[in-house]
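Enquirer: Data file coords.txt (compact mmCIF, C-alpha atoms and all ligand atoms) is appended below.
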# COMPACT_ATOMS: atom_id res chain seq x y z
CA MET K 283 13.91 24.40 23.68
CA SER K 284 11.26 25.24 26.28
CA LYS K 285 7.76 23.79 26.00
CA SER K 286 6.36 27.13 24.80
CA GLU K 287 8.91 27.13 21.96
CA THR K 288 8.00 23.63 20.77
CA ARG K 289 6.89 23.82 17.16
CA THR K 290 3.43 22.48 16.46
CA ALA K 291 1.98 20.44 13.60
CA ILE K 292 -1.51 19.48 12.51
CA VAL K 293 -2.05 16.39 10.35
CA ILE K 294 -5.38 15.89 8.60
CA GLY K 295 -6.17 12.20 8.05
CA ALA K 296 -5.32 9.16 10.19
CA GLY K 297 -4.66 6.67 7.39
CA ILE K 298 -1.13 5.34 6.98
CA VAL K 299 0.05 8.54 5.29
CA GLY K 300 -1.20 10.79 8.11
CA LEU K 301 0.09 8.41 10.78
CA ALA K 302 3.50 8.23 9.12
CA MET K 303 3.60 12.03 8.90
CA ALA K 304 2.64 12.26 12.59
CA ARG K 305 5.46 9.91 13.54
CA ALA K 306 8.08 11.72 11.46
CA LEU K 307 7.00 15.13 12.77
CA ALA K 308 7.05 13.90 16.37
CA GLU K 309 10.51 12.39 15.83
CA ALA K 310 11.63 15.82 14.59
CA GLY K 311 10.39 17.42 17.82
CA TYR K 312 6.97 18.76 16.79
CA ARG K 313 3.95 18.60 19.05
CA VAL K 314 1.49 16.85 16.75
CA THR K 315 -2.30 16.80 16.57
CA VAL K 316 -4.09 14.49 14.10
CA PHE K 317 -7.68 14.98 12.92
CA ASP K 318 -9.83 12.36 11.22
CA ARG K 319 -13.43 12.68 10.12
CA HIS K 320 -14.28 9.17 11.36
CA GLU K 321 -14.36 7.57 14.79
CA ARG K 322 -11.43 5.41 13.63
CA ALA K 323 -9.64 4.93 10.33
CA VAL K 324 -11.88 3.17 7.80
CA GLY K 325 -10.19 4.16 4.52
CA ALA K 326 -7.73 2.45 2.18
CA SER K 327 -5.27 1.83 4.99
CA ILE K 328 -7.40 -0.78 6.74
CA ARG K 329 -8.77 -2.28 3.52
CA ASN K 330 -5.53 -3.42 1.94
CA PHE K 331 -3.46 -6.61 1.94
CA GLY K 332 -1.08 -5.28 4.55
CA THR K 333 1.93 -6.18 2.48
CA ILE K 334 5.08 -4.12 2.84
CA TRP K 335 6.13 -4.79 -0.72
CA PRO K 336 9.68 -3.80 -1.77
CA ILE K 337 9.42 -6.09 -4.81
CA GLY K 338 6.83 -3.67 -6.18
CA VAL K 339 9.25 -0.76 -6.52
CA PRO K 340 12.21 -0.20 -8.84
CA ASN K 341 15.81 -0.28 -7.62
CA GLY K 342 17.15 3.03 -6.29
CA PRO K 343 15.55 5.59 -3.96
CA LEU K 344 12.15 3.92 -3.82
CA TYR K 345 13.67 0.58 -2.89
CA ALA K 346 15.69 2.30 -0.13
CA ARG K 347 12.51 4.04 1.05
CA ALA K 348 10.62 0.74 1.16
CA LEU K 349 13.37 -0.85 3.26
CA ARG K 350 13.40 2.11 5.65
CA SER K 351 9.61 1.90 5.98
CA ARG K 352 9.86 -1.81 6.69
CA GLU K 353 12.35 -1.07 9.50
CA ILE K 354 9.88 1.35 11.09
CA TRP K 355 7.03 -1.15 10.73
CA ARG K 356 9.14 -3.72 12.57
CA ASP K 357 10.02 -1.26 15.35
CA PHE K 358 6.36 -0.39 15.83
CA CYS K 359 5.16 -4.01 15.73
CA ASP K 360 7.89 -5.18 18.12
CA ALA K 361 7.15 -2.34 20.55
CA THR K 362 3.39 -2.98 20.59
CA GLY K 363 3.11 -6.74 20.06
CA THR K 364 1.31 -6.11 16.77
CA TRP K 365 1.40 -9.22 14.56
CA TYR K 366 3.66 -9.27 11.50
CA ALA K 367 5.51 -11.84 9.46
CA GLN K 368 8.56 -11.38 7.30
CA SER K 369 7.05 -13.94 4.98
CA GLY K 370 8.60 -12.81 1.70
CA SER K 371 6.83 -13.24 -1.62
CA LEU K 372 6.64 -15.97 -4.22
CA ILE K 373 5.52 -15.71 -7.83
CA ALA K 374 4.75 -19.13 -9.29
CA ALA K 375 5.64 -20.00 -12.92
CA PHE K 376 3.48 -22.32 -14.99
CA HIS K 377 4.55 -21.08 -18.42
CA ASP K 378 7.94 -20.83 -20.12
CA ASP K 379 7.52 -17.07 -20.63
CA GLU K 380 6.92 -16.56 -16.87
CA TRP K 381 9.93 -18.69 -16.02
CA ALA K 382 12.10 -16.76 -18.48
CA VAL K 383 11.17 -13.40 -16.93
CA MET K 384 11.86 -14.72 -13.43
CA ASN K 385 15.30 -16.02 -14.35
CA GLU K 386 16.20 -12.75 -16.04
CA TYR K 387 14.92 -10.76 -13.04
CA ALA K 388 16.92 -12.89 -10.57
CA ALA K 389 20.09 -12.48 -12.63
CA MET K 390 19.62 -8.71 -13.00
CA ASN K 391 19.09 -8.29 -9.25
CA GLU K 392 21.87 -10.53 -8.05
CA GLY K 393 23.68 -8.75 -5.22
CA ILE K 394 21.00 -6.01 -5.18
CA ARG K 395 17.93 -7.80 -3.83
CA PRO K 396 17.39 -11.02 -1.90
CA SER K 397 15.53 -12.74 -4.73
CA ARG K 398 16.22 -16.09 -6.40
CA THR K 399 14.48 -18.70 -8.47
CA LEU K 400 13.28 -21.95 -6.88
CA SER K 401 12.75 -25.31 -8.53
CA ALA K 402 9.28 -26.87 -8.32
CA ALA K 403 10.49 -29.14 -5.50
CA GLN K 404 11.84 -26.15 -3.56
CA VAL K 405 8.54 -24.28 -4.05
CA ARG K 406 6.74 -27.08 -2.26
CA GLU K 407 9.04 -26.65 0.75
CA HIS K 408 8.37 -22.90 0.99
CA ALA K 409 4.76 -22.73 -0.14
CA PRO K 410 3.02 -26.11 0.09
CA GLY K 411 -0.25 -24.69 -1.25
CA VAL K 412 1.09 -23.88 -4.71
CA VAL K 413 -0.49 -26.11 -7.39
CA SER K 414 1.96 -28.86 -8.40
CA LYS K 415 0.57 -29.67 -11.84
CA GLY K 416 2.56 -27.86 -14.50
CA LEU K 417 4.65 -25.93 -11.97
CA LEU K 418 8.01 -24.95 -13.46
CA GLY K 419 9.40 -23.09 -10.46
CA ALA K 420 9.02 -19.70 -8.79
CA LEU K 421 10.68 -16.43 -8.02
CA MET K 422 11.13 -16.02 -4.27
CA SER K 423 12.00 -12.77 -2.52
CA THR K 424 12.59 -12.52 1.21
CA ASP K 425 12.11 -8.74 1.38
CA GLU K 426 8.35 -8.64 1.87
CA LEU K 427 6.62 -8.27 5.23
CA VAL K 428 2.94 -8.72 6.08
CA VAL K 429 0.87 -6.96 8.75
CA ASP K 430 -2.85 -7.24 9.30
CA PRO K 431 -3.84 -3.68 8.40
CA ARG K 432 -6.99 -3.79 10.51
CA GLU K 433 -4.94 -4.47 13.62
CA ALA K 434 -1.87 -2.41 12.70
CA ILE K 435 -3.67 0.77 11.66
CA ARG K 436 -5.83 0.59 14.79
CA ASN K 437 -2.78 0.10 17.04
CA LEU K 438 -0.67 2.86 15.51
CA PRO K 439 -2.54 5.85 17.01
CA ALA K 440 -2.23 4.49 20.56
CA TRP K 441 1.50 3.91 20.01
CA LEU K 442 1.96 7.42 18.63
CA THR K 443 0.19 8.86 21.66
CA GLU K 444 2.08 6.75 24.15
CA ARG K 445 5.51 7.11 22.60
CA TYR K 446 5.37 10.68 21.27
CA GLY K 447 2.37 12.33 22.92
CA VAL K 448 0.54 12.71 19.58
CA GLU K 449 -3.03 13.91 20.19
CA PHE K 450 -5.91 12.51 18.11
CA HIS K 451 -9.21 14.24 17.40
CA TRP K 452 -11.56 11.62 15.94
CA ARG K 453 -14.91 12.41 14.32
CA GLN K 454 -13.69 15.85 13.42
CA ALA K 455 -13.68 16.58 9.71
CA ILE K 456 -11.52 19.55 8.82
CA THR K 457 -13.64 21.72 6.60
CA ARG K 458 -11.31 24.64 5.91
CA VAL K 459 -7.59 25.38 6.05
CA GLU K 460 -5.94 28.76 6.00
CA HIS K 461 -2.50 28.68 7.52
CA PRO K 462 -1.90 28.75 10.47
CA TYR K 463 -5.52 27.70 11.12
CA VAL K 464 -7.71 24.71 10.41
CA TRP K 465 -11.46 24.69 11.07
CA SER K 466 -13.75 21.83 11.95
CA GLY K 467 -17.07 23.55 11.48
CA ARG K 468 -16.74 26.55 13.76
CA ARG K 469 -13.94 25.14 15.89
CA ARG K 470 -10.57 26.58 15.02
CA TYR K 471 -7.10 25.16 15.71
CA ALA K 472 -3.66 26.56 14.89
CA ALA K 473 -0.24 25.06 14.19
CA ASP K 474 3.09 26.10 12.72
CA VAL K 475 2.86 23.51 9.96
CA ILE K 476 -0.14 21.67 8.51
CA TYR K 477 -0.14 18.43 6.49
CA VAL K 478 -3.16 17.23 4.51
CA ALA K 479 -3.24 13.42 4.16
CA GLY K 480 -6.88 12.98 3.20
CA GLY K 481 -6.53 10.05 0.77
CA THR K 482 -9.35 10.04 -1.76
CA ASP K 483 -11.13 13.06 -0.33
CA PHE K 484 -10.25 15.58 -3.05
CA GLU K 485 -13.51 17.45 -2.58
CA THR K 486 -13.33 19.04 0.89
CA LEU K 487 -9.93 20.72 1.11
CA TYR K 488 -8.22 22.47 -1.82
CA PRO K 489 -10.69 21.06 -4.39
CA GLU K 490 -9.47 23.43 -7.11
CA LEU K 491 -5.90 22.20 -6.59
CA PHE K 492 -6.98 18.57 -6.91
CA GLU K 493 -8.94 19.46 -10.07
CA ARG K 494 -5.70 20.74 -11.60
CA THR K 495 -3.70 17.68 -10.50
CA ALA K 496 -3.24 14.50 -12.52
CA ILE K 497 -4.98 12.33 -9.96
CA THR K 498 -7.99 10.03 -9.87
CA LYS K 499 -9.40 7.26 -7.67
CA CYS K 500 -8.88 3.53 -7.96
CA LYS K 501 -11.45 1.05 -6.64
CA LEU K 502 -10.20 -2.44 -5.75
CA GLN K 503 -12.31 -5.48 -4.84
CA MET K 504 -10.93 -7.82 -2.17
CA LEU K 505 -11.93 -11.00 -0.35
CA ARG K 506 -10.96 -12.71 2.87
CA LEU K 507 -11.26 -16.49 3.28
CA GLU K 508 -12.19 -18.21 6.53
CA ALA K 509 -9.35 -18.96 8.92
CA GLN K 510 -7.29 -22.05 8.11
CA PRO K 511 -4.88 -22.00 11.04
CA THR K 512 -3.34 -25.42 10.41
CA PHE K 513 -2.47 -24.49 6.83
CA GLN K 514 0.65 -22.39 6.27
CA LEU K 515 0.60 -20.35 3.07
CA GLY K 516 4.18 -19.24 3.72
CA PRO K 517 5.13 -16.29 1.51
CA VAL K 518 2.62 -13.96 -0.13
CA VAL K 519 1.77 -15.92 -3.28
CA CYS K 520 1.18 -14.37 -6.72
CA GLY K 521 0.63 -15.67 -10.25
CA GLY K 522 2.32 -14.62 -13.47
CA LEU K 523 -0.17 -11.79 -14.08
CA THR K 524 1.54 -9.89 -11.27
CA MET K 525 4.81 -9.55 -13.18
CA ALA K 526 3.14 -7.52 -15.89
CA HIS K 527 2.35 -4.89 -13.22
CA TYR K 528 5.67 -4.41 -11.49
CA SER K 529 8.14 -1.94 -12.89
CA GLY K 530 10.95 -4.08 -11.50
CA PHE K 531 10.16 -6.65 -14.19
CA HIS K 532 9.85 -4.21 -17.05
CA ALA K 533 13.56 -4.24 -17.90
CA THR K 534 13.63 -8.01 -18.44
CA PRO K 535 14.00 -8.94 -22.14
CA SER K 536 11.15 -11.46 -22.05
CA ILE K 537 8.50 -9.20 -20.49
CA GLY K 538 7.05 -8.26 -23.91
CA ALA K 539 6.36 -11.87 -24.84
CA LEU K 540 4.80 -12.54 -21.42
CA ARG K 541 2.55 -9.53 -21.72
CA GLN K 542 1.48 -10.51 -25.21
CA ARG K 543 0.43 -13.99 -24.10
CA LEU K 544 -1.34 -12.70 -20.98
CA SER K 545 -3.27 -10.09 -22.95
CA GLU K 546 -4.55 -12.84 -25.27
CA GLN K 547 -5.24 -15.47 -22.61
CA TYR K 548 -6.62 -13.19 -19.88
CA ALA K 549 -8.13 -10.27 -21.80
CA ASP K 550 -11.14 -10.22 -19.43
CA LEU K 551 -9.00 -10.09 -16.29
CA ILE K 552 -6.70 -7.46 -17.71
CA ALA K 553 -9.68 -5.31 -18.71
CA LEU K 554 -10.75 -5.37 -15.03
CA GLY K 555 -7.21 -4.66 -13.84
CA ILE K 556 -7.08 -8.03 -12.08
CA HIS K 557 -3.82 -9.41 -10.84
CA VAL K 558 -3.94 -11.80 -7.98
CA MET K 559 -2.17 -12.13 -4.66
CA ALA K 560 -2.85 -14.10 -1.48
CA ALA K 561 -1.53 -13.17 1.98
CA GLN K 562 -2.14 -14.98 5.27
CA ASN K 563 -2.51 -13.21 8.60
CA GLY K 564 -1.71 -14.35 12.14
CA ARG K 565 -5.16 -15.93 12.57
CA GLY K 566 -4.72 -18.05 9.48
CA GLU K 567 -7.13 -16.00 7.36
CA ILE K 568 -6.12 -15.53 3.74
CA THR K 569 -6.75 -12.17 2.07
CA ILE K 570 -7.02 -12.30 -1.71
CA GLY K 571 -7.47 -9.72 -4.42
CA ASP K 572 -7.69 -7.62 -6.47
CA SER K 573 -9.23 -5.67 -9.34
CA HIS K 574 -8.60 -2.04 -10.36
CA GLU K 575 -11.18 0.43 -11.69
CA TYR K 576 -10.29 4.07 -12.26
CA GLY K 577 -12.49 7.16 -12.06
CA HIS K 578 -13.59 9.97 -9.76
CA THR K 579 -16.92 8.37 -8.85
CA HIS K 580 -17.34 4.62 -8.48
CA GLU K 581 -20.42 2.48 -8.13
CA PRO K 582 -20.75 1.66 -4.44
CA PHE K 583 -21.65 -1.95 -5.28
CA ASP K 584 -19.22 -4.82 -5.58
CA GLU K 585 -19.52 -7.20 -8.53
CA SER K 586 -19.55 -10.88 -7.58
CA ALA K 587 -18.41 -11.67 -11.15
CA ILE K 588 -15.17 -9.81 -10.42
CA ASN K 589 -14.67 -11.72 -7.18
CA SER K 590 -15.26 -15.00 -9.04
CA LYS K 591 -12.62 -14.14 -11.63
CA ILE K 592 -10.12 -13.38 -8.86
CA VAL K 593 -10.85 -16.70 -7.14
CA ASP K 594 -10.84 -18.67 -10.41
CA TYR K 595 -7.43 -17.31 -11.37
CA LEU K 596 -6.03 -17.94 -7.90
CA ARG K 597 -7.23 -21.54 -8.07
CA THR K 598 -4.85 -22.05 -11.03
CA VAL K 599 -1.99 -21.05 -8.71
CA LEU K 600 -3.03 -22.24 -5.24
CA ASP K 601 -4.65 -25.31 -3.83
CA LEU K 602 -6.16 -24.27 -0.48
CA PRO K 603 -7.97 -26.50 2.01
CA ASN K 604 -10.77 -23.97 2.45
CA TRP K 605 -12.07 -21.54 -0.19
CA ASN K 606 -15.04 -20.30 1.86
CA VAL K 607 -15.25 -16.54 1.62
CA ARG K 608 -15.73 -14.82 4.96
CA GLN K 609 -15.80 -11.22 3.79
CA SER K 610 -15.63 -9.17 0.62
CA TRP K 611 -15.21 -5.41 0.32
CA HIS K 612 -13.63 -2.74 -1.78
CA GLY K 613 -11.12 -0.04 -1.02
CA THR K 614 -10.29 3.13 -2.89
CA TYR K 615 -6.96 4.91 -3.10
CA ALA K 616 -5.79 8.12 -4.75
CA LYS K 617 -4.07 7.22 -8.02
CA LEU K 618 -1.62 9.55 -9.75
CA THR K 619 -2.21 9.55 -13.48
CA ASP K 620 0.78 11.31 -15.02
CA GLY K 621 2.92 8.17 -14.81
CA HIS K 622 5.99 10.07 -13.63
CA ARG K 623 5.42 10.82 -9.99
CA SER K 624 5.92 8.33 -7.23
CA GLU K 625 3.97 10.51 -4.77
CA LEU K 626 2.19 13.82 -4.55
CA VAL K 627 3.92 16.19 -2.14
CA ILE K 628 2.89 19.74 -2.86
CA GLU K 629 2.66 23.01 -1.00
CA ALA K 630 -0.99 24.02 -1.10
CA GLU K 631 -0.13 27.37 0.49
CA PRO K 632 2.84 28.44 2.64
CA GLY K 633 2.89 26.21 5.71
CA VAL K 634 0.41 23.66 4.29
CA THR K 635 1.61 20.54 2.47
CA ILE K 636 -0.50 17.87 0.77
CA VAL K 637 0.92 14.32 0.94
CA ASN K 638 -0.95 11.79 -1.17
CA GLY K 639 -0.73 9.17 -3.95
CA VAL K 640 2.13 7.31 -2.29
CA GLY K 641 3.91 4.96 -4.69
CA GLY K 642 1.66 6.34 -7.43
CA GLY K 643 -1.24 5.44 -5.13
CA GLY K 644 -1.08 1.73 -4.42
CA LEU K 645 1.95 1.47 -2.14
CA GLY K 646 1.10 3.53 0.90
CA MET K 647 1.82 0.73 3.36
CA THR K 648 5.17 0.07 1.69
CA LEU K 649 6.49 3.61 1.38
CA SER K 650 4.73 6.06 3.74
CA PHE K 651 6.98 5.79 6.78
CA GLY K 652 10.12 6.41 4.77
CA LEU K 653 8.54 9.10 2.62
CA ALA K 654 7.29 10.98 5.69
CA GLU K 655 10.81 11.13 7.12
CA GLU K 656 12.12 12.52 3.84
CA VAL K 657 9.35 15.14 3.74
CA VAL K 658 10.00 16.31 7.30
CA ASN K 659 13.79 16.15 7.07
CA GLY K 660 13.79 18.01 3.76
CA THR K 661 15.59 15.18 1.98
CA LEU K 662 12.82 14.39 -0.50
CA ARG K 663 14.30 14.91 -3.93
CA ALA K 664 13.09 17.98 -5.79
CA GLU K 665 9.29 18.00 -6.15
CA THR K 666 8.76 14.27 -5.90
CA GLY K 667 11.74 13.73 -8.19
CA THR K 668 12.09 10.01 -7.65
CA PRO K 669 11.20 7.92 -10.69
CA ALA K 670 7.61 6.84 -10.91
CA THR K 671 6.79 3.34 -9.92
CA ALA K 672 4.76 1.65 -12.61
CA VAL K 673 3.03 -0.54 -10.09
CA VAL K 674 -0.69 -0.63 -10.58
CA ARG K 675 -2.22 -2.28 -7.56
C1 LIG K 701 -7.60 -2.97 -1.66
C2 LIG K 701 -6.28 -2.30 -1.50
C3 LIG K 701 -5.13 -3.07 -1.39
C4 LIG K 701 -3.90 -2.45 -1.20
N1 LIG K 701 -2.80 -3.20 -0.91
C5 LIG K 701 -1.65 -2.59 -0.53
C6 LIG K 701 -0.56 -3.33 -0.06
O1 LIG K 701 -0.62 -4.54 0.09
N2 LIG K 701 0.60 -2.67 0.22
C7 LIG K 701 0.71 -1.33 0.10
O2 LIG K 701 1.80 -0.80 0.32
N3 LIG K 701 -0.34 -0.58 -0.25
C8 LIG K 701 -1.52 -1.17 -0.56
N4 LIG K 701 -2.59 -0.43 -0.94
C9 LIG K 701 -2.47 1.03 -0.99
C10 LIG K 701 -2.60 1.67 0.38
O3 LIG K 701 -3.66 1.10 1.08
C11 LIG K 701 -2.80 3.18 0.19
O4 LIG K 701 -1.69 3.69 -0.54
C12 LIG K 701 -2.84 3.90 1.54
O5 LIG K 701 -3.70 3.24 2.43
C13 LIG K 701 -3.30 5.35 1.37
O6 LIG K 701 -3.28 5.91 2.65
P1 LIG K 701 -3.93 7.32 2.96
O7 LIG K 701 -3.59 7.65 4.35
O8 LIG K 701 -3.55 8.29 1.88
O9 LIG K 701 -5.50 7.10 2.75
P2 LIG K 701 -6.63 6.54 3.77
O10 LIG K 701 -6.21 5.32 4.46
O11 LIG K 701 -7.87 6.45 2.94
O12 LIG K 701 -6.76 7.67 4.85
C14 LIG K 701 -7.25 8.96 4.61
C15 LIG K 701 -7.88 9.44 5.90
O13 LIG K 701 -8.15 10.83 5.82
C16 LIG K 701 -9.38 11.10 6.47
N5 LIG K 701 -9.86 12.38 5.96
C17 LIG K 701 -10.03 12.71 4.65
N6 LIG K 701 -10.42 14.00 4.57
C18 LIG K 701 -10.52 14.48 5.84
C19 LIG K 701 -10.89 15.75 6.39
N7 LIG K 701 -11.23 16.79 5.60
N8 LIG K 701 -10.89 15.90 7.73
C20 LIG K 701 -10.54 14.86 8.54
N9 LIG K 701 -10.19 13.64 8.05
C21 LIG K 701 -10.16 13.45 6.73
C22 LIG K 701 -10.24 9.90 6.13
O14 LIG K 701 -11.29 9.74 7.06
C23 LIG K 701 -9.22 8.76 6.17
O15 LIG K 701 -9.18 8.14 7.46
C24 LIG K 701 -3.82 -1.03 -1.18
C25 LIG K 701 -4.99 -0.27 -1.30
C26 LIG K 701 -6.20 -0.89 -1.45
C27 LIG K 701 -7.44 -0.05 -1.52
Would you put the structure from the file into structure tokens?
Ligand SMILES: Cc1cc2nc3c(=O)[nH]c(=O)nc-3n(C[C@H](O)[C@H](O)[C@H](O)COP(=O)(O)OP(=O)(O)OC[C@H]3O[C@@H](n4cnc5c(N)ncnc54)[C@H](O)[C@@H]3O)c2cc1C

Expert:
Amino acid sequence: MSKSETRTAIVIGAGIVGLAMARALAEAGYRVTVFDRHERAVGASIRNFGTIWPIGVPNGPLYARALRSREIWRDFCDATGTWYAQSGSLIAAFHDDEWAVMNEYAAMNEGIRPSRTLSAAQVREHAPGVVSKGLLGALMSTDELVVDPREAIRNLPAWLTERYGVEFHWRQAITRVEHPYVWSGRRRYAADVIYVAGGTDFETLYPELFERTAITKCKLQMLRLEAQPTFQLGPVVCGGLTMAHYSGFHATPSIGALRQRLSEQYADLIALGIHVMAAQNGRGEITIGDSHEYGHTHEPFDESAINSKIVDYLRTVLDLPNWNVRQSWHGTYAKLTDGHRSELVIEAEPGVTIVNGVGGGGLGMTLSFGLAEEVVNGTLRAETGTPATAVVR
């Protein structure tokens, strides 16, 4: 194909969804231009844990998509020297009901996933920070990978430009789309195909379509502790509350009893959508979170009471040398509310596709690279036909 015949694509949004779309389009031979309203990405994609989290999705197509995404993350990180760790994940059990669910989960996934239960003594070998008192054991999975989103999402555009010639237009909000054109104020650009990956901005482009869609916004509070470089957290560490959130655990016979106990013991945390994880980055900093609040408009202020509840719960699971908080913030992602879709991929008009709500909203880092390939290659099952993930993150 000559240069003049090269098909062109515009992607709106340089969060992980837009960047993954840009990569998949470039791989398919498109000349790609990405627009973002900010000078650099500052949305959900740099505010998250940075966990590539296969354990958060059910077996089947979503699990395969998570593994494919992880492969692309590794390729990108290896090519650019971007830090990552295949640290896996560990959920610690301090109650019989947690331990029962873990054993059932490990048995059900034998030969399907690399997960297994560990004794308390084995937990100490893998994750020395886990509280010893009352520890029954843990569920360990080696699937999970961690990046530092602030570094990774900032490095991705340069890699896309260098490797594929993707062009970025920063500080250019797209204010109108009418295929084959997009406008940024009065400036007009054209492409054969247009993808809208605007995250929680439902108001600027196709607002009437978003009004009709079962979608809202989820605000999550997060904290980062000071660096503790001589301490090794090991895997991403979670407490029992986490199992109530993951659809992968929902088929275990004991999940009902676990949920019942958690809803009585931690009613306040559950009301705030708190389930707690801790992930360590290459500088030794530990990111912890999070809470979940749903609605189209959130208070811009963070509640220190929520942060305290997150830390207090984590202290029942982890014993860290340094609990000093370096930063706190919140992020907001687009959350699908119909409970059936695992992503929103819809044609807004011929030639224009909206890609949003990946993994129901909270799994964009885990699933976007694989999803983008399926969208571009036309292998995405009919109208987001993969089963919904019940993960609420
Ligand atoms: C606190 C938190 C923790 C999370 N943890 C994880 C995790 O560990 N693992 C995981 O897999 N997922 C996690 N997630 C979910 C993940 O972060 C999101 O699914 C993902 O970042 C969504 O990506 P996005 O590209 O749709 O949105 P964003 O990253 O918000 O990007 C949207 C971009 O579009 C731009 N934009 C919008 N409208 C326009 C316009 N009109 N013109 C130009 N530019 C526009 C914005 O400026 C923005 O840069 C977490 C999310 C949060 C908030």

Enquirer: Please find the residues contacting ligand LIG 701 (chain K) at a distance of at most 6 Å between atoms, with all atoms listed in the file counted, and report them as a PyMOL selection string.

Expert: chain K and resi 294-300+317-320+323-327+329-335+454-457+479-481+483+486+502+504+613-615+638+640+643-648

Enquirer: Those same residues - C-alpha atoms - I'd like them written as a compact mmCIF listing (two decimals), in the coordinates of the input.

Expert:
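Saved file result.txt follows:
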# COMPACT_ATOMS: atom_id res chain seq x y z
CA ILE K 294 -5.38 15.89 8.60
CA GLY K 295 -6.17 12.20 8.05
CA ALA K 296 -5.32 9.16 10.19
CA GLY K 297 -4.66 6.67 7.39
CA ILE K 298 -1.13 5.34 6.98
CA VAL K 299 0.05 8.54 5.29
CA GLY K 300 -1.20 10.79 8.11
CA PHE K 317 -7.68 14.98 12.92
CA ASP K 318 -9.83 12.36 11.22
CA ARG K 319 -13.43 12.68 10.12
CA HIS K 320 -14.28 9.17 11.36
CA ALA K 323 -9.64 4.93 10.33
CA VAL K 324 -11.88 3.17 7.80
CA GLY K 325 -10.19 4.16 4.52
CA ALA K 326 -7.73 2.45 2.18
CA SER K 327 -5.27 1.83 4.99
CA ARG K 329 -8.77 -2.28 3.52
CA ASN K 330 -5.53 -3.42 1.94
CA PHE K 331 -3.46 -6.61 1.94
CA GLY K 332 -1.08 -5.28 4.55
CA THR K 333 1.93 -6.18 2.48
CA ILE K 334 5.08 -4.12 2.84
CA TRP K 335 6.13 -4.79 -0.72
CA GLN K 454 -13.69 15.85 13.42
CA ALA K 455 -13.68 16.58 9.71
CA ILE K 456 -11.52 19.55 8.82
CA THR K 457 -13.64 21.72 6.60
CA ALA K 479 -3.24 13.42 4.16
CA GLY K 480 -6.88 12.98 3.20
CA GLY K 481 -6.53 10.05 0.77
CA ASP K 483 -11.13 13.06 -0.33
CA THR K 486 -13.33 19.04 0.89
CA LEU K 502 -10.20 -2.44 -5.75
CA MET K 504 -10.93 -7.82 -2.17
CA GLY K 613 -11.12 -0.04 -1.02
CA THR K 614 -10.29 3.13 -2.89
CA TYR K 615 -6.96 4.91 -3.10
CA ASN K 638 -0.95 11.79 -1.17
CA VAL K 640 2.13 7.31 -2.29
CA GLY K 643 -1.24 5.44 -5.13
CA GLY K 644 -1.08 1.73 -4.42
CA LEU K 645 1.95 1.47 -2.14
CA GLY K 646 1.10 3.53 0.90
CA MET K 647 1.82 0.73 3.36
CA THR K 648 5.17 0.07 1.69

Enquirer: If I take CA of Met525 in chain K and CA of Arg432 in chain K, how far is one from the other in Å, to one decimal?

Expert: 27.1 Å

Enquirer: Would you mind reading off the distance between CA of Ile537 in chain K and CA of Val383 in chain K, one decimal, in Å?

Expert: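 Between CA of Ile537 in chain K and CA of Val383 in chain K the gap is 6.1 Å.
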
Enquirer: Just the number, please: distance in Å from CA of Phe583 in chain K to CA of Trp611 in chain K, one decimal.

Expert: 9.2 Å

Enquirer: Can you list, as a list in words, every protein, DNA or RNA residue that comes within 12 Å of Trp365 in chain K when you count all atoms listed in the file, leaving out same-chain residues fewer than 6 positions away?

Expert: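 Listing them by chain and then by number gives Gly332, Trp355, Arg356, Asp357, Phe358, Cys359, Leu427, Val428, Val429, Asp430, Pro431, Arg432, Glu433, Ala434, Ile435, Asn437, Gln562, Asn563, Gly564, Arg565 and Gly566 of chain K.
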
Enquirer: Using all atoms listed in the file, determine which residues lie at most 10 Å from Ala382 in chain K, disregarding the query and same-chain residues fewer than 5 positions distant; provide the list as JSON, numbers by chain.

Expert: {"K": [375, 377, 387, 534, 535, 536, 537, 539, 540]}

Enquirer: Rank K:His557, K:Arg453, K:Arg347, K:Arg543 by their smallest atom-to-atom distance to Gly571 in chain K, using only C-alpha atoms, and report the top residue only.

Expert: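 The answer is K:His557, which sits nearest to Gly571 in chain K.
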
Enquirer: Please extract range 391-396 of chain K and write it out with N, CA and C atoms, as a compact mmCIF listing (two decimals), in the first residue's frame.

Expert:
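The resulting file, result_5.txt, is reproduced below:
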# COMPACT_ATOMS: atom_id res chain seq x y z
N ASN K 391 -9.88 -23.95 40.45
CA ASN K 391 -9.03 -23.38 39.39
C ASN K 391 -7.78 -24.19 39.12
N GLU K 392 -7.74 -25.37 39.71
CA GLU K 392 -6.55 -26.22 39.49
C GLU K 392 -6.41 -26.52 38.00
N GLY K 393 -5.25 -26.31 37.46
CA GLY K 393 -5.02 -26.56 36.04
C GLY K 393 -5.51 -25.45 35.14
N ILE K 394 -6.21 -24.45 35.71
CA ILE K 394 -6.73 -23.32 34.91
C ILE K 394 -5.91 -22.06 35.20
N ARG K 395 -5.64 -21.84 36.49
CA ARG K 395 -4.89 -20.64 36.88
C ARG K 395 -3.73 -21.02 37.80
N PRO K 396 -2.68 -20.21 37.81
CA PRO K 396 -1.56 -20.50 38.70
C PRO K 396 -1.83 -19.98 40.12
